[in-house]
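What follows is data-v8.pdb (PDB, C-alpha atoms).
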```
MODEL        1
ATOM      1  CA  MET A 753       0.000   0.000   0.000  1.00  0.00           C
ATOM      2  CA  LYS A 754       1.348   3.398  -0.903  1.00  0.00           C
ATOM      3  CA  LYS A 755       1.834   6.060   1.713  1.00  0.00           C
ATOM      4  CA  GLY A 756      -0.822   8.481   0.456  1.00  0.00           C
ATOM      5  CA  GLN A 757      -3.394   5.846  -0.476  1.00  0.00           C
ATOM      6  CA  ALA A 758      -4.739   5.406   3.058  1.00  0.00           C
ATOM      7  CA  LEU A 759      -5.116   9.163   3.507  1.00  0.00           C
ATOM      8  CA  LEU A 760      -6.923   9.422   0.186  1.00  0.00           C
ATOM      9  CA  GLU A 761      -9.289   6.633   1.187  1.00  0.00           C
ATOM     10  CA  TYR A 762     -10.041   8.339   4.511  1.00  0.00           C
ATOM     11  CA  VAL A 763     -10.711  11.634   2.739  1.00  0.00           C
ATOM     12  CA  LEU A 764     -13.041   9.978   0.225  1.00  0.00           C
ATOM     13  CA  ALA A 765     -14.874   8.121   2.994  1.00  0.00           C
ATOM     14  CA  MET A 766     -15.349  11.329   4.979  1.00  0.00           C
ATOM     15  CA  ALA A 767     -16.551  13.181   1.873  1.00  0.00           C
ATOM     16  CA  GLY A 768     -19.066  10.422   1.174  1.00  0.00           C
ATOM     17  CA  LEU A 769     -20.262  10.516   4.772  1.00  0.00           C
ATOM     18  CA  VAL A 770     -20.718  14.290   4.603  1.00  0.00           C
ATOM     19  CA  VAL A 771     -22.734  13.941   1.389  1.00  0.00           C
ATOM     20  CA  VAL A 772     -24.988  11.250   2.895  1.00  0.00           C
ATOM     21  CA  VAL A 773     -25.566  13.273   6.074  1.00  0.00           C
ATOM     22  CA  GLY A 774     -26.318  16.366   3.989  1.00  0.00           C
ATOM     23  CA  VAL A 775     -28.882  14.549   1.866  1.00  0.00           C
ATOM     24  CA  LEU A 776     -30.569  13.062   4.937  1.00  0.00           C
ATOM     25  CA  TRP A 777     -30.620  16.456   6.638  1.00  0.00           C
ATOM     26  CA  GLY A 778     -32.230  17.970   3.539  1.00  0.00           C
ATOM     27  CA  LEU A 779     -34.875  15.246   3.452  1.00  0.00           C
ATOM     28  CA  VAL A 780     -35.683  15.765   7.126  1.00  0.00           C
ATOM     29  CA  ASP A 781     -35.945  19.526   6.556  1.00  0.00           C
ATOM     30  CA  VAL A 782     -38.305  19.145   3.586  1.00  0.00           C
ATOM     31  CA  THR A 783     -40.392  16.558   5.450  1.00  0.00           C
ATOM     32  CA  GLY A 784     -40.684  18.918   8.418  1.00  0.00           C
ATOM     33  CA  ARG A 785     -41.809  21.792   6.223  1.00  0.00           C
ATOM     34  CA  TYR A 786     -44.479  19.696   4.533  1.00  0.00           C
ATOM     35  CA  ALA A 787     -45.638  18.345   7.903  1.00  0.00           C
ATOM     36  CA  VAL A 788     -46.193  21.893   9.163  1.00  0.00           C
ATOM     37  CA  ARG A 789     -47.982  22.817   5.942  1.00  0.00           C
ATOM     38  CA  ALA A 790     -50.208  19.742   6.119  1.00  0.00           C
ATOM     39  CA  GLU A 791     -50.968  20.451   9.771  1.00  0.00           C
ATOM     40  CA  ASN A 792     -51.981  24.015   8.902  1.00  0.00           C
ATOM     41  CA  LEU A 793     -54.241  22.796   6.090  1.00  0.00           C
ATOM     42  CA  VAL A 794     -55.906  20.171   8.271  1.00  0.00           C
ATOM     43  CA  SER A 795     -56.458  22.548  11.183  1.00  0.00           C
ATOM     44  CA  SER A 796     -57.919  25.371   9.057  1.00  0.00           C
ATOM     45  CA  GLU A 797     -61.617  26.079   9.066  1.00  0.00           C
ATOM     46  CA  TYR A 798     -61.979  25.920   5.310  1.00  0.00           C
ATOM     47  CA  PRO A 799     -61.752  22.652   3.372  1.00  0.00           C
TER      48      PRO A 799
ENDMDL
END
```
Take the structure I supplied and represent it as structure tokens, if you would.
Amino acid sequence: MKKGQALLEYVLAMAGLVVVVGVLWGLVDVTGRYAVRAENLVSSEYP
């Protein structure tokens, strides 16, 4: 194994982890916004 290969693999793994966490955070944010919107529509007086 070359000297810089392990560092490169760690960097790529961390970058992939950051991307996955970012996507999940975005999905949670969008889901939360739609939940609030749906709650407002359901609780309104008008159909």
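One finds CA of Ala765 in chain A at 27.0 Å from CA of Thr783 in chain A.
Counting from CA of Gly778 in chain A, the distance to CA of Glu791 in chain A is 19.9 Å.
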> CA of Val763 in chain A to CA of Leu779 in chain A: how many Å, to one decimal?
Replying inline: 24.4 Å
Quick one: range 763-775 of chain A with N, CA and C atoms, as a PDB file, keeping the file's coordinate frame?
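The result, stored in selection-v2.pdb:
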```pdb
ATOM      1  N   VAL A 763     -10.103  10.384   3.219  1.00  0.00           N
ATOM      2  CA  VAL A 763     -10.711  11.634   2.739  1.00  0.00           C
ATOM      3  C   VAL A 763     -11.952  11.330   1.919  1.00  0.00           C
ATOM      4  N   LEU A 764     -11.871  10.333   1.041  1.00  0.00           N
ATOM      5  CA  LEU A 764     -13.041   9.978   0.225  1.00  0.00           C
ATOM      6  C   LEU A 764     -14.175   9.438   1.094  1.00  0.00           C
ATOM      7  N   ALA A 765     -13.844   8.648   2.101  1.00  0.00           N
ATOM      8  CA  ALA A 765     -14.874   8.121   2.994  1.00  0.00           C
ATOM      9  C   ALA A 765     -15.547   9.254   3.765  1.00  0.00           C
ATOM     10  N   MET A 766     -14.767  10.197   4.247  1.00  0.00           N
ATOM     11  CA  MET A 766     -15.349  11.329   4.979  1.00  0.00           C
ATOM     12  C   MET A 766     -16.215  12.191   4.057  1.00  0.00           C
ATOM     13  N   ALA A 767     -15.761  12.399   2.826  1.00  0.00           N
ATOM     14  CA  ALA A 767     -16.551  13.181   1.873  1.00  0.00           C
ATOM     15  C   ALA A 767     -17.878  12.473   1.583  1.00  0.00           C
ATOM     16  N   GLY A 768     -17.828  11.164   1.404  1.00  0.00           N
ATOM     17  CA  GLY A 768     -19.066  10.422   1.174  1.00  0.00           C
ATOM     18  C   GLY A 768     -19.999  10.497   2.365  1.00  0.00           C
ATOM     19  N   LEU A 769     -19.442  10.418   3.567  1.00  0.00           N
ATOM     20  CA  LEU A 769     -20.262  10.516   4.772  1.00  0.00           C
ATOM     21  C   LEU A 769     -20.917  11.893   4.881  1.00  0.00           C
ATOM     22  N   VAL A 770     -20.172  12.933   4.563  1.00  0.00           N
ATOM     23  CA  VAL A 770     -20.718  14.290   4.603  1.00  0.00           C
ATOM     24  C   VAL A 770     -21.857  14.436   3.594  1.00  0.00           C
ATOM     25  N   VAL A 771     -21.685  13.861   2.410  1.00  0.00           N
ATOM     26  CA  VAL A 771     -22.734  13.941   1.389  1.00  0.00           C
ATOM     27  C   VAL A 771     -23.992  13.215   1.864  1.00  0.00           C
ATOM     28  N   VAL A 772     -23.836  12.021   2.425  1.00  0.00           N
ATOM     29  CA  VAL A 772     -24.988  11.250   2.895  1.00  0.00           C
ATOM     30  C   VAL A 772     -25.704  11.986   4.022  1.00  0.00           C
ATOM     31  N   VAL A 773     -24.951  12.531   4.968  1.00  0.00           N
ATOM     32  CA  VAL A 773     -25.566  13.273   6.074  1.00  0.00           C
ATOM     33  C   VAL A 773     -26.280  14.521   5.539  1.00  0.00           C
ATOM     34  N   GLY A 774     -25.685  15.185   4.573  1.00  0.00           N
ATOM     35  CA  GLY A 774     -26.318  16.366   3.989  1.00  0.00           C
ATOM     36  C   GLY A 774     -27.629  16.041   3.296  1.00  0.00           C
ATOM     37  N   VAL A 775     -27.648  14.951   2.550  1.00  0.00           N
ATOM     38  CA  VAL A 775     -28.882  14.549   1.866  1.00  0.00           C
ATOM     39  C   VAL A 775     -29.964  14.182   2.873  1.00  0.00           C
TER      40      VAL A 775
END
```
